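One structure is given below, encoded as structure tokens.
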Amino acid sequence: MPEKELVIKQTDIAKRVKELGAAITEDYEHGQLLVVGILNGAFMLMADLVRNIKLEMEIDFVRVTSYGMGTTSGTLRFTKDIELDVQGKDILLVDDIIDTGRTMALLKQSFENRGAHSVHFCALIDKKERREVGVAVDYVGFEIKKGFLVGYGLDCREQHRHYPEIYHLKDVYDV
């Protein structure tokens, strides 16, 4: 098992998710909110976030793979699409981490093409330095510049998602 170093404590995550929920509640109080989690990484954040959004909303999930079992971006591919109609709705895409921006750009275009009223992004971790596509994250938990992060939904080859805190895996990858 690789050595890991604590980056974000569980209490800090909970506090920030509560703040994000309050901001989203204020911003969407007059819309038709559809919160879409990007599987698998977003499941922990999504569960905590929707409990902190004090609005009626619809919830669905999408799965778009770009990494497979490796650690570098590959071809984007839908493996699960959402089941709810997006026409006229305010879409809030929730993901564990945004780095290259390729997945978010693809999803934004897809939902806009289907008639969404708006498409915005929420991510636990924003790694702006790795951006290949210009997407702005509307609701950011934490901005972290480097390190291979795991925990609270973030994984390394489908392992380590279950940790309640965020860790940097040392001597594994430095991305």
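We label chains A, B, ... in the order they appear in the structure tokens, count residues from 1 in each chain, and number ligands from 1 in the order shown.
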
Could you give me, as a PyMOL selection string, each residue of segment 11-41 of chain A that DSSP assigns to helix (DSSP H, G or I) when run on this structure's backbone? chain A and resi 11-27

Neighbours of Ile53 of chain A within 10 Å (only C-alpha atoms; same-chain residues fewer than 4 positions away dropped), as a list in words?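 My reading of the contact set: Val17, Lys18, Glu19, Leu20, Gly21, Ala22, Ala23, Ile24, Thr25, Glu26, Tyr28, Glu29, Asp48, Leu49 and Met57 of chain A.
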
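Atom CA of Leu84 of chain A sits 26.2 Å away from atom CA of Tyr152 of chain A.
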
When you look at Leu107 of chain A with a cut-off of 10 Å (counting only C-alpha atoms), what residues show up, excluding the ones that are within fewer than 3 positions of it in the same chain? I need them as a PyMOL selection string. chain A and resi 38+62+64+78+93+102-104+110-113+119

Write the residues of the preceding selection, restricted to C-alpha atoms, as an mmCIF file, in the first residue's frame.
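Result file out.cif:
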```cif
data_model
loop_
_atom_site.group_PDB
_atom_site.id
_atom_site.type_symbol
_atom_site.label_atom_id
_atom_site.label_comp_id
_atom_site.auth_asym_id
_atom_site.auth_seq_id
_atom_site.Cartn_x
_atom_site.Cartn_y
_atom_site.Cartn_z
ATOM 1 C CA ILE A 38 -20.618 12.232 -12.463
ATOM 2 C CA VAL A 62 -24.071 10.190 -15.671
ATOM 3 C CA VAL A 64 -18.314 9.358 -18.680
ATOM 4 C CA PHE A 78 -20.599 7.818 -22.177
ATOM 5 C CA LEU A 93 -22.921 18.977 -12.775
ATOM 6 C CA ARG A 102 -12.518 17.815 -21.172
ATOM 7 C CA THR A 103 -15.290 15.830 -19.448
ATOM 8 C CA MET A 104 -17.101 18.957 -18.265
ATOM 9 C CA SER A 110 -24.394 17.658 -24.575
ATOM 10 C CA PHE A 111 -26.871 19.179 -22.104
ATOM 11 C CA GLU A 112 -27.056 22.491 -23.967
ATOM 12 C CA ASN A 113 -27.791 20.585 -27.189
ATOM 13 C CA VAL A 119 -25.282 24.269 -17.148
#
```

Between atom CA of Leu34 of chain A and atom CA of Gly101 of chain A, what distance in Å does the model show, to one decimal? 20.6 Å

Val94 of chain A surroundings by only C-alpha atoms, 7 Å radius, close-in-sequence under 6 positions cut, as a ChimeraX atom specification: /A:36-38,42,46,121-123

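Taking atom CA of Asp138 of chain A as the reference point, atom CA of Val86 of chain A is found at 19.2 Å.
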
Counting only C-alpha atoms, the residue of A:Asp126, A:Ile82, A:Phe43, A:Pro2 that sits nearest Cys156 of chain A: A:Pro2

Check the smallest atom-to-atom distance from each of A:Glu56, A:Val133, A:Met44, A:Gly88 to Arg161 of chain A using only C-alpha atoms, then report the winner. A:Met44

Which of segment 72-134 of chain A DSSP labels strand (DSSP E or B), written as a list in words: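 Strand (DSSP E or B) members of segment 72-134 of chain A, listed: Arg77, Phe78, Thr79, Lys80, Asp90, Ile91, Leu92, Leu93, Val94, Asp95, Asp96, Ile97, Ile98, Ser118, Val119, His120, Phe121, Cys122, Ala123, Leu124, Ile125 and Asp126 of chain A.
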
Please, could you write that set of residues out with C-alpha atoms as an mmCIF file, in the first residue's frame?
```cif
data_model
loop_
_atom_site.group_PDB
_atom_site.id
_atom_site.type_symbol
_atom_site.label_atom_id
_atom_site.label_comp_id
_atom_site.auth_asym_id
_atom_site.auth_seq_id
_atom_site.Cartn_x
_atom_site.Cartn_y
_atom_site.Cartn_z
ATOM 1 C CA ARG A 77 -17.092 7.832 -23.700
ATOM 2 C CA PHE A 78 -20.599 7.818 -22.177
ATOM 3 C CA THR A 79 -21.183 4.581 -20.275
ATOM 4 C CA LYS A 80 -24.346 5.808 -18.509
ATOM 5 C CA ASP A 90 -30.851 24.368 -14.663
ATOM 6 C CA ILE A 91 -28.222 21.630 -14.647
ATOM 7 C CA LEU A 92 -25.643 21.484 -11.878
ATOM 8 C CA LEU A 93 -22.921 18.977 -12.775
ATOM 9 C CA VAL A 94 -21.144 17.632 -9.696
ATOM 10 C CA ASP A 95 -17.752 15.936 -9.884
ATOM 11 C CA ASP A 96 -14.989 14.979 -7.486
ATOM 12 C CA ILE A 97 -12.204 16.732 -9.407
ATOM 13 C CA ILE A 98 -11.853 18.885 -12.487
ATOM 14 C CA SER A 118 -28.230 26.528 -17.981
ATOM 15 C CA VAL A 119 -25.282 24.269 -17.148
ATOM 16 C CA HIS A 120 -22.972 24.979 -14.207
ATOM 17 C CA PHE A 121 -20.241 23.040 -12.425
ATOM 18 C CA CYS A 122 -19.513 22.051 -8.838
ATOM 19 C CA ALA A 123 -16.360 20.155 -7.897
ATOM 20 C CA LEU A 124 -14.717 19.197 -4.656
ATOM 21 C CA ILE A 125 -11.243 19.748 -6.153
ATOM 22 C CA ASP A 126 -10.242 22.177 -8.901
#
```

If we count only C-alpha atoms and set the cut-off at 8 Å, which residues sit around Tyr167 of chain A, ignoring sequence neighbours fewer than 2 positions away in its own chain? Please answer as a compact mmCIF listing (two decimals) with N, CA and C atoms, in the first residue's frame.
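Everything below was put into selection-v6.txt:
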```txt
# COMPACT_ATOMS: atom_id res chain seq x y z
N LYS A 4 0.51 7.59 2.31
CA LYS A 4 -0.37 8.71 2.01
C LYS A 4 -0.19 9.82 3.04
N GLU A 5 -0.46 11.04 2.58
CA GLU A 5 -0.33 12.23 3.42
C GLU A 5 -1.66 12.98 3.42
N LEU A 6 -2.17 13.31 4.61
CA LEU A 6 -3.44 14.03 4.74
C LEU A 6 -3.34 15.42 4.10
N VAL A 7 -4.33 15.73 3.25
CA VAL A 7 -4.38 17.03 2.59
C VAL A 7 -5.57 17.86 3.10
N ILE A 8 -6.74 17.22 3.22
CA ILE A 8 -7.95 17.93 3.67
C ILE A 8 -8.67 17.06 4.69
N LEU A 149 -4.44 12.75 -5.66
CA LEU A 149 -5.35 12.78 -4.52
C LEU A 149 -6.31 11.60 -4.52
N VAL A 150 -6.57 11.09 -3.33
CA VAL A 150 -7.53 10.00 -3.15
C VAL A 150 -8.38 10.28 -1.91
N GLY A 151 -9.51 9.60 -1.85
CA GLY A 151 -10.41 9.72 -0.72
C GLY A 151 -11.62 10.57 -1.05
N GLU A 165 -11.50 11.43 4.20
CA GLU A 165 -10.67 12.62 4.06
C GLU A 165 -9.92 12.53 2.73
N LEU A 169 -1.32 10.57 -2.42
CA LEU A 169 -0.55 9.32 -2.45
C LEU A 169 0.90 9.68 -2.78
```
